[in-house]
>>> print(open('protein.csv').read())   # CSV, N, CA and C atoms
chain,number,residue,atom,x,y,z
G,67,MET,N,24.1,30.3,16.1
G,67,MET,CA,23.8,29.1,16.8
G,67,MET,C,22.4,28.6,16.5
G,68,TRP,N,21.4,29.5,16.6
G,68,TRP,CA,20.0,29.1,16.3
G,68,TRP,C,19.8,28.7,14.9
G,69,GLY,N,20.5,29.4,14.0
G,69,GLY,CA,20.5,29.0,12.5
G,69,GLY,C,20.9,27.6,12.3
G,70,ILE,N,22.0,27.2,12.9
G,70,ILE,CA,22.5,25.8,12.7
G,70,ILE,C,21.5,24.8,13.4
G,71,LEU,N,21.0,25.1,14.5
G,71,LEU,CA,20.1,24.3,15.2
G,71,LEU,C,18.8,24.1,14.4
G,72,ARG,N,18.3,25.2,13.9
G,72,ARG,CA,17.1,25.2,13.1
G,72,ARG,C,17.3,24.3,11.8
G,73,THR,N,18.5,24.5,11.1
G,73,THR,CA,18.8,23.7,9.9
G,73,THR,C,18.8,22.2,10.3
G,74,LEU,N,19.5,21.9,11.4
G,74,LEU,CA,19.5,20.5,11.8
G,74,LEU,C,18.2,19.9,12.1
G,75,LEU,N,17.3,20.7,12.7
G,75,LEU,CA,16.0,20.2,13.1
G,75,LEU,C,15.1,20.0,11.8
G,76,ILE,N,15.3,20.9,10.8
G,76,ILE,CA,14.5,20.7,9.6
G,76,ILE,C,15.0,19.5,8.8
G,77,ALA,N,16.4,19.3,8.8
G,77,ALA,CA,16.9,18.1,8.1
G,77,ALA,C,16.5,16.8,8.8
G,78,LEU,N,16.4,16.8,10.1
G,78,LEU,CA,15.9,15.7,10.9
G,78,LEU,C,14.4,15.4,10.5
G,79,CYS,N,13.6,16.4,10.5
G,79,CYS,CA,12.2,16.2,10.1
G,79,CYS,C,12.0,15.7,8.7
G,80,MET,N,12.8,16.2,7.8
G,80,MET,CA,12.7,15.8,6.4
G,80,MET,C,13.2,14.3,6.3
G,81,SER,N,14.2,13.9,6.9
G,81,SER,CA,14.7,12.6,6.8
G,81,SER,C,13.7,11.6,7.5
G,82,THR,N,13.0,12.0,8.5
G,82,THR,CA,12.0,11.2,9.1
G,82,THR,C,10.8,11.0,8.2
G,83,ALA,N,10.4,12.1,7.5
G,83,ALA,CA,9.3,12.0,6.6
G,83,ALA,C,9.7,11.1,5.4
G,84,MET,N,10.9,11.1,4.9
G,84,MET,CA,11.3,10.3,3.8
G,84,MET,C,11.5,8.9,4.2
G,85,GLY,N,11.9,8.7,5.5
G,85,GLY,CA,12.1,7.3,5.9
G,85,GLY,C,10.8,6.6,6.3
G,86,GLY,N,10.9,5.7,7.3
G,86,GLY,CA,9.7,5.0,7.7
G,86,GLY,C,9.4,3.8,6.8
G,87,GLU,N,8.1,3.5,6.9
G,87,GLU,CA,7.7,2.3,6.2
G,87,GLU,C,6.4,2.5,5.5
G,88,ILE,N,6.1,1.6,4.5
G,88,ILE,CA,4.8,1.5,3.9
G,88,ILE,C,4.2,0.3,4.6
G,89,VAL,N,3.0,0.5,5.1
G,89,VAL,CA,2.3,-0.6,5.8
G,89,VAL,C,1.1,-1.0,4.9
G,90,PHE,N,1.0,-2.3,4.8
G,90,PHE,CA,-0.2,-2.9,4.1
G,90,PHE,C,-1.2,-3.2,5.2
G,91,VAL,N,-2.4,-2.7,5.0
G,91,VAL,CA,-3.4,-2.8,6.1
G,91,VAL,C,-4.7,-3.4,5.7
G,92,ILE,N,-5.3,-4.1,6.6
G,92,ILE,CA,-6.7,-4.7,6.5
G,92,ILE,C,-7.5,-4.2,7.6
G,93,ASN,N,-8.8,-4.5,7.5
G,93,ASN,CA,-9.8,-4.2,8.6
G,93,ASN,C,-9.3,-5.0,9.9
G,94,LYS,N,-9.4,-4.3,11.0
G,94,LYS,CA,-8.9,-4.9,12.2
G,94,LYS,C,-9.7,-6.2,12.7
G,95,ASP,N,-10.9,-6.4,12.1
G,95,ASP,CA,-11.7,-7.6,12.5
G,95,ASP,C,-11.4,-8.8,11.6
G,96,VAL,N,-10.5,-8.7,10.6
G,96,VAL,CA,-10.2,-9.8,9.7
G,96,VAL,C,-9.2,-10.7,10.5
G,97,GLN,N,-9.4,-12.0,10.5
G,97,GLN,CA,-8.6,-12.9,11.2
G,97,GLN,C,-7.3,-13.4,10.5
G,98,VAL,N,-6.5,-12.4,10.2
G,98,VAL,CA,-5.2,-12.6,9.6
G,98,VAL,C,-4.2,-11.7,10.3
G,99,ASP,N,-3.0,-12.2,10.6
G,99,ASP,CA,-2.1,-11.4,11.3
G,99,ASP,C,-1.0,-10.9,10.3
G,100,LYS,N,-0.3,-11.7,9.6
G,100,LYS,CA,0.8,-11.3,8.7
G,100,LYS,C,0.7,-12.1,7.4
G,101,LEU,N,1.2,-11.5,6.4
G,101,LEU,CA,1.3,-12.2,5.1
G,101,LEU,C,2.7,-11.9,4.5
G,102,PRO,N,3.3,-12.8,3.8
G,102,PRO,CA,4.6,-12.6,3.2
G,102,PRO,C,4.4,-11.7,1.9
G,103,LYS,N,5.5,-11.1,1.5
G,103,LYS,CA,5.5,-10.3,0.3
G,103,LYS,C,4.9,-10.9,-0.9
G,104,LYS,N,5.2,-12.2,-1.1
G,104,LYS,CA,4.7,-12.9,-2.3
G,104,LYS,C,3.2,-13.0,-2.3
G,105,GLU,N,2.6,-13.1,-1.1
G,105,GLU,CA,1.1,-13.1,-1.0
G,105,GLU,C,0.5,-11.7,-1.3
G,106,ILE,N,1.2,-10.7,-0.8
G,106,ILE,CA,0.8,-9.3,-1.0
G,106,ILE,C,0.8,-9.1,-2.5
G,107,ARG,N,1.9,-9.5,-3.2
G,107,ARG,CA,2.0,-9.4,-4.6
G,107,ARG,C,0.8,-10.1,-5.4
G,108,LYS,N,0.5,-11.3,-5.0
G,108,LYS,CA,-0.6,-12.0,-5.6
G,108,LYS,C,-1.9,-11.3,-5.5
G,109,ILE,N,-2.1,-10.7,-4.3
G,109,ILE,CA,-3.4,-10.0,-4.0
G,109,ILE,C,-3.4,-8.7,-4.9
G,110,LEU,N,-2.3,-8.0,-4.9
G,110,LEU,CA,-2.3,-6.7,-5.7
G,110,LEU,C,-2.5,-7.0,-7.2
G,111,LEU,N,-2.0,-8.1,-7.7
G,111,LEU,CA,-2.1,-8.5,-9.1
G,111,LEU,C,-3.4,-9.3,-9.4
G,112,LYS,N,-4.2,-9.4,-8.3
G,112,LYS,CA,-5.5,-10.2,-8.4
G,112,LYS,C,-5.3,-11.6,-8.8
G,113,LYS,N,-4.2,-12.2,-8.4
G,113,LYS,CA,-4.0,-13.6,-8.6
G,113,LYS,C,-4.5,-14.4,-7.4
G,114,ARG,N,-4.7,-13.8,-6.3
G,114,ARG,CA,-5.3,-14.3,-5.2
G,114,ARG,C,-6.6,-13.5,-4.9
G,115,LYS,N,-7.7,-14.1,-4.9
G,115,LYS,CA,-9.0,-13.4,-4.8
G,115,LYS,C,-9.7,-13.5,-3.4
G,116,PHE,N,-9.3,-14.6,-2.6
G,116,PHE,CA,-9.9,-14.8,-1.3
G,116,PHE,C,-8.9,-15.0,-0.3
G,117,LEU,N,-9.2,-14.7,1.0
G,117,LEU,CA,-8.3,-14.9,2.1
G,117,LEU,C,-9.2,-15.4,3.3
G,118,LYS,N,-9.1,-16.6,3.7
G,118,LYS,CA,-9.9,-17.2,4.8
G,118,LYS,C,-11.4,-17.0,4.5
G,119,GLY,N,-11.7,-17.3,3.2
G,119,GLY,CA,-13.1,-17.2,2.8
G,119,GLY,C,-13.7,-15.8,2.5
G,120,LEU,N,-12.8,-14.8,2.7
G,120,LEU,CA,-13.2,-13.4,2.5
G,120,LEU,C,-12.8,-12.9,1.1
G,121,LYS,N,-13.7,-12.4,0.4
G,121,LYS,CA,-13.3,-11.8,-1.0
G,121,LYS,C,-12.4,-10.6,-0.8
G,122,LEU,N,-11.3,-10.6,-1.5
G,122,LEU,CA,-10.3,-9.5,-1.3
G,122,LEU,C,-10.6,-8.4,-2.3
G,123,ILE,N,-10.4,-7.2,-1.8
G,123,ILE,CA,-10.6,-6.0,-2.6
G,123,ILE,C,-9.3,-5.2,-2.5
G,124,PRO,N,-8.3,-5.4,-3.4
G,124,PRO,CA,-7.1,-4.6,-3.3
G,124,PRO,C,-7.3,-3.2,-3.7
G,125,LEU,N,-6.6,-2.3,-3.0
G,125,LEU,CA,-6.7,-0.9,-3.3
G,125,LEU,C,-5.4,-0.3,-3.7
G,126,ASN,N,-5.4,0.7,-4.5
G,126,ASN,CA,-4.2,1.3,-5.0
G,126,ASN,C,-4.3,2.8,-4.9
G,127,LEU,N,-3.2,3.5,-4.8
G,127,LEU,CA,-3.2,5.0,-4.9
G,127,LEU,C,-2.9,5.4,-6.3
G,128,PRO,N,-3.1,6.7,-6.6
G,128,PRO,CA,-3.0,7.1,-8.0
G,128,PRO,C,-1.5,6.8,-8.6
G,129,PRO,N,-1.4,6.7,-9.9
G,129,PRO,CA,-0.1,6.3,-10.5
G,129,PRO,C,1.0,7.3,-10.2
G,130,GLU,N,0.7,8.6,-10.0
G,130,GLU,CA,1.8,9.5,-9.7
G,130,GLU,C,2.2,9.5,-8.2
G,131,ASN,N,1.5,8.8,-7.4
G,131,ASN,CA,1.8,8.8,-5.9
G,131,ASN,C,3.2,8.0,-5.7
G,132,GLY,N,4.0,8.6,-4.8
G,132,GLY,CA,5.3,8.1,-4.5
G,132,GLY,C,5.2,6.7,-3.9
G,133,LEU,N,4.2,6.5,-3.0
G,133,LEU,CA,4.1,5.2,-2.3
G,133,LEU,C,3.8,4.1,-3.3
G,134,ARG,N,2.9,4.5,-4.3
G,134,ARG,CA,2.5,3.5,-5.3
G,134,ARG,C,3.8,3.1,-6.1
G,135,LYS,N,4.6,4.1,-6.5
G,135,LYS,CA,5.8,3.8,-7.3
G,135,LYS,C,6.7,2.8,-6.5
G,136,LEU,N,6.8,3.0,-5.2
G,136,LEU,CA,7.7,2.1,-4.4
G,136,LEU,C,7.0,0.7,-4.3
G,137,VAL,N,5.7,0.6,-4.2
G,137,VAL,CA,5.1,-0.7,-4.1
G,137,VAL,C,5.2,-1.4,-5.4
G,138,GLU,N,5.0,-0.7,-6.5
G,138,GLU,CA,5.2,-1.4,-7.8
G,138,GLU,C,6.6,-1.9,-8.0
G,139,GLU,N,7.6,-1.1,-7.6
G,139,GLU,CA,9.0,-1.5,-7.7
G,139,GLU,C,9.4,-2.6,-6.8
G,140,LYS,N,9.1,-2.4,-5.5
G,140,LYS,CA,9.6,-3.3,-4.4
G,140,LYS,C,8.7,-4.6,-4.2
G,141,VAL,N,7.4,-4.5,-4.4
G,141,VAL,CA,6.5,-5.6,-4.1
G,141,VAL,C,6.2,-6.3,-5.5
G,142,LEU,N,5.8,-5.5,-6.5
G,142,LEU,CA,5.4,-6.2,-7.7
G,142,LEU,C,6.7,-6.5,-8.6
G,143,GLY,N,7.8,-5.8,-8.3
G,143,GLY,CA,9.0,-6.0,-9.1
G,143,GLY,C,8.8,-5.5,-10.6
G,144,MET,N,8.0,-4.5,-10.8
G,144,MET,CA,7.7,-3.9,-12.1
G,144,MET,C,7.9,-2.4,-12.1
G,145,ASP,N,8.2,-1.9,-13.3
G,145,ASP,CA,8.1,-0.4,-13.4
G,145,ASP,C,6.7,-0.1,-14.0
G,146,ARG,N,6.5,1.2,-14.1
G,146,ARG,CA,5.1,1.7,-14.5
G,146,ARG,C,4.7,1.1,-15.8
G,147,GLU,N,5.6,1.0,-16.8
G,147,GLU,CA,5.2,0.5,-18.1
G,147,GLU,C,4.8,-1.0,-18.0
G,148,GLU,N,5.6,-1.8,-17.2
G,148,GLU,CA,5.3,-3.2,-17.0
G,148,GLU,C,3.9,-3.4,-16.3
G,149,VAL,N,3.6,-2.5,-15.4
G,149,VAL,CA,2.4,-2.6,-14.7
G,149,VAL,C,1.2,-2.3,-15.6
G,150,GLU,N,1.3,-1.3,-16.4
G,150,GLU,CA,0.3,-1.0,-17.4
G,150,GLU,C,0.1,-2.1,-18.4
G,151,LEU,N,1.2,-2.7,-18.9
G,151,LEU,CA,1.1,-3.8,-19.8
G,151,LEU,C,0.4,-5.0,-19.2
G,152,TYR,N,0.8,-5.3,-17.9
G,152,TYR,CA,0.1,-6.4,-17.2
G,152,TYR,C,-1.4,-6.2,-17.1
G,153,TRP,N,-1.8,-5.0,-16.7
G,153,TRP,CA,-3.3,-4.8,-16.6
G,153,TRP,C,-4.0,-4.7,-17.9
G,154,ASN,N,-3.3,-4.3,-19.0
G,154,ASN,CA,-3.9,-4.3,-20.3
G,154,ASN,C,-4.2,-5.8,-20.7
G,155,LYS,N,-3.2,-6.6,-20.5
G,155,LYS,CA,-3.4,-8.1,-20.8
G,155,LYS,C,-4.5,-8.7,-19.9
G,156,SER,N,-4.4,-8.4,-18.7
G,156,SER,CA,-5.4,-9.0,-17.7
G,156,SER,C,-6.8,-8.5,-18.1
G,157,TYR,N,-7.0,-7.3,-18.5
G,157,TYR,CA,-8.3,-6.8,-18.8
G,157,TYR,C,-8.9,-7.6,-20.0
G,158,LEU,N,-8.1,-8.0,-20.9
G,158,LEU,CA,-8.6,-8.8,-22.0
G,158,LEU,C,-9.1,-10.2,-21.5
G,159,HIS,N,-8.7,-10.6,-20.3
G,159,HIS,CA,-9.2,-11.8,-19.7
G,159,HIS,C,-10.3,-11.5,-18.6
G,160,GLY,N,-10.8,-10.3,-18.6
G,160,GLY,CA,-11.9,-10.0,-17.7
G,160,GLY,C,-11.4,-9.6,-16.3
G,161,VAL,N,-10.1,-9.3,-16.1
G,161,VAL,CA,-9.6,-9.0,-14.8
G,161,VAL,C,-9.3,-7.5,-14.8
G,162,GLU,N,-10.0,-6.7,-13.9
G,162,GLU,CA,-9.7,-5.3,-13.8
G,162,GLU,C,-8.7,-5.0,-12.8
G,163,PRO,N,-8.0,-3.9,-12.9
G,163,PRO,CA,-7.0,-3.5,-11.9
G,163,PRO,C,-7.6,-3.1,-10.6
G,164,PRO,N,-6.8,-3.0,-9.5
G,164,PRO,CA,-7.4,-2.6,-8.2
G,164,PRO,C,-8.0,-1.3,-8.3
G,165,LEU,N,-9.0,-1.1,-7.4
G,165,LEU,CA,-9.6,0.2,-7.2
G,165,LEU,C,-8.6,1.2,-6.8
G,166,VAL,N,-8.6,2.4,-7.4
G,166,VAL,CA,-7.7,3.5,-7.1
G,166,VAL,C,-8.4,4.5,-6.3
G,167,LEU,N,-7.8,4.8,-5.1
G,167,LEU,CA,-8.4,5.9,-4.2
G,167,LEU,C,-7.4,7.0,-4.2
G,168,ASN,N,-7.9,8.2,-4.0
G,168,ASN,CA,-7.1,9.5,-4.2
G,168,ASN,C,-6.1,9.7,-3.1
G,169,SER,N,-6.3,9.2,-2.0
G,169,SER,CA,-5.4,9.5,-0.9
G,169,SER,C,-5.2,8.4,0.1
G,170,GLU,N,-4.2,8.5,1.0
G,170,GLU,CA,-4.0,7.5,2.0
G,170,GLU,C,-5.2,7.6,3.0
G,171,GLU,N,-5.7,8.8,3.2
G,171,GLU,CA,-6.9,8.9,4.1
G,171,GLU,C,-8.1,8.1,3.6
G,172,ALA,N,-8.2,8.2,2.3
G,172,ALA,CA,-9.3,7.5,1.6
G,172,ALA,C,-9.1,6.0,1.7
G,173,VAL,N,-7.9,5.5,1.6
G,173,VAL,CA,-7.6,4.1,1.8
G,173,VAL,C,-7.9,3.7,3.2
G,174,LYS,N,-7.5,4.5,4.2
G,174,LYS,CA,-7.7,4.1,5.6
G,174,LYS,C,-9.2,4.0,5.8
G,175,GLU,N,-10.0,4.9,5.4
G,175,GLU,CA,-11.5,4.9,5.6
G,175,GLU,C,-12.1,3.7,4.9
G,176,PHE,N,-11.7,3.4,3.7
G,176,PHE,CA,-12.3,2.3,3.0
G,176,PHE,C,-12.0,1.0,3.7
G,177,VAL,N,-10.7,0.8,4.1
G,177,VAL,CA,-10.3,-0.4,4.8
G,177,VAL,C,-11.1,-0.6,6.1
G,178,LYS,N,-11.3,0.5,6.8
G,178,LYS,CA,-12.0,0.4,8.1
G,178,LYS,C,-13.5,0.0,7.9
G,179,LYS,N,-14.1,0.4,6.7
G,179,LYS,CA,-15.5,0.1,6.5
G,179,LYS,C,-15.8,-1.2,5.7
G,180,VAL,N,-14.8,-1.6,4.9
G,180,VAL,CA,-15.0,-2.8,4.0
G,180,VAL,C,-14.1,-3.9,4.3
G,181,LYS,N,-14.7,-4.9,4.9
G,181,LYS,CA,-13.9,-6.2,5.2
G,181,LYS,C,-13.4,-6.8,3.9
G,182,GLY,N,-12.2,-7.2,3.9
G,182,GLY,CA,-11.7,-7.8,2.7
G,182,GLY,C,-10.8,-6.9,1.8
G,183,SER,N,-11.0,-5.6,2.1
G,183,SER,CA,-10.2,-4.6,1.4
G,183,SER,C,-8.8,-4.6,2.0
G,184,ILE,N,-7.8,-4.4,1.1
G,184,ILE,CA,-6.4,-4.3,1.6
G,184,ILE,C,-5.7,-3.2,0.8
G,185,GLY,N,-5.1,-2.3,1.6
G,185,GLY,CA,-4.4,-1.1,1.0
G,185,GLY,C,-3.1,-0.9,1.6
G,186,TYR,N,-2.4,0.2,1.2
G,186,TYR,CA,-1.2,0.6,1.8
G,186,TYR,C,-1.1,2.0,2.1
G,187,ILE,N,-0.4,2.4,3.2
G,187,ILE,CA,-0.3,3.8,3.6
G,187,ILE,C,1.1,3.9,4.2
G,188,SER,N,1.5,5.2,4.5
G,188,SER,CA,2.7,5.4,5.3
G,188,SER,C,2.4,5.0,6.7
G,189,SER,N,3.5,4.5,7.3
G,189,SER,CA,3.3,4.0,8.7
G,189,SER,C,2.9,5.2,9.6
G,190,GLU,N,3.3,6.4,9.3
G,190,GLU,CA,3.0,7.6,10.1
G,190,GLU,C,1.5,7.8,10.1
G,191,LYS,N,0.7,7.3,9.2
G,191,LYS,CA,-0.7,7.5,9.1
G,191,LYS,C,-1.5,6.4,9.8
G,192,LEU,N,-0.8,5.4,10.3
G,192,LEU,CA,-1.5,4.2,10.9
G,192,LEU,C,-2.2,4.6,12.2
G,193,ASP,N,-3.3,4.0,12.4
G,193,ASP,CA,-4.0,4.1,13.7
G,193,ASP,C,-4.6,2.8,14.1
G,194,GLU,N,-5.1,2.7,15.3
G,194,GLU,CA,-5.5,1.5,16.0
G,194,GLU,C,-6.7,0.8,15.3
G,195,ASP,N,-7.4,1.4,14.4
G,195,ASP,CA,-8.5,0.8,13.7
G,195,ASP,C,-8.1,0.0,12.5
G,196,LEU,N,-6.8,-0.1,12.3
G,196,LEU,CA,-6.3,-0.9,11.1
G,196,LEU,C,-5.3,-2.0,11.6
G,197,LYS,N,-5.2,-3.1,10.9
G,197,LYS,CA,-4.3,-4.1,11.2
G,197,LYS,C,-3.2,-4.2,10.1
G,198,VAL,N,-2.0,-4.2,10.5
G,198,VAL,CA,-0.8,-4.3,9.6
G,198,VAL,C,-0.6,-5.7,9.3
G,199,ILE,N,-0.5,-6.1,8.0
G,199,ILE,CA,-0.2,-7.5,7.6
G,199,ILE,C,1.1,-7.6,6.9
G,200,TYR,N,1.7,-6.4,6.5
G,200,TYR,CA,3.0,-6.5,5.9
G,200,TYR,C,3.6,-5.1,6.0
G,201,ARG,N,5.0,-5.1,6.2
G,201,ARG,CA,5.7,-3.8,6.3
G,201,ARG,C,6.8,-3.8,5.2
G,202,LEU,N,6.9,-2.6,4.6
G,202,LEU,CA,7.9,-2.4,3.5
G,202,LEU,C,8.7,-1.1,3.8
G,203,LYS,N,10.0,-1.2,3.9
G,203,LYS,CA,10.8,0.0,4.1
G,203,LYS,C,10.7,0.9,2.9
G,204,LYS,N,10.6,2.2,3.1
G,204,LYS,CA,10.5,3.1,2.0
G,204,LYS,C,11.8,3.3,1.2
G,205,GLU,N,12.9,3.1,1.9
G,205,GLU,CA,14.2,3.4,1.3
G,205,GLU,C,14.6,2.3,0.3
>>> encode(input="protein.csv", output="structure tokens")
Amino acid sequence: MWGILRTLLIALCMSTAMGGEIVFVINKDVQVDKLPKKEIRKILLKKRKFLKGLKLIPLNLPPENGLRKLVEEKVLGMDREEVELYWNKSYLHGVEPPLVLNSEEAVKEFVKKVKGSIGYISSEKLDEDLKVIYRLKKE
């Protein structure tokens, strides 16, 4: 009995960890409530540089990060090779890719301290010091 219950509990925890959302966050003091996916895409690709007069600083997680892979696929509509090609071409025009931070915690701290920065984290890591401007299902 306990073995089955334990197995079910572990399966439930794992499905919860795999589920959830990716939330795009900004500093809580920025006067923006929500943005559509097409605007998030423009910001991540550095095609939109300002928001309500505030210079934007898009943040990324490392290339091997699972959240980044989902963002590239579902928001940018690109695979890893297409993303690399995009940034190689953009670099020739003086546009550098977003700043890469090592962890979701680093993204959270950067966004809390730097107005205009926008990053993404798992919804499970969200706290009251951040404002969600877009939600993306992980599945």
>>> closest_residue(input="protein.csv", among="G:Glu105, G:Glu162, G:Glu130, G:Glu205", to="Gly86 (chain G)", atoms="only N, CA and C atoms")
G:Glu205
>>> closest_residue(input="protein.csv", among="G:Gly132, G:Val141, G:Leu122, G:Tyr157", to="Tyr200 (chain G)", atoms="only C-alpha atoms")
G:Val141
>>> residues_near_point(input="protein.csv", point="(2.8, -10.6, 1.5)", cutoff="10 Å", atoms="only C-alpha atoms", output="ChimeraX atom specification")
/G:90,100-110,141,199-202
>>> closest_residue(input="protein.csv", among="G:Asp195, G:Glu171, G:Asp145, G:Asp95", to="Leu127 (chain G)", atoms="only C-alpha atoms")
G:Glu171
>>> residues_around(input="protein.csv", residues="Ile184 (chain G)", least_positions_apart="6", cutoff="5 Å", atoms="all atoms listed in the file", output="ChimeraX atom specification")
/G:91-92,123-125
>>> closest_residue(input="protein.csv", among="G:Ser189, G:Asn126, G:Ser183, G:Asn154", to="Asn168 (chain G)", atoms="only N, CA and C atoms")
G:Asn126
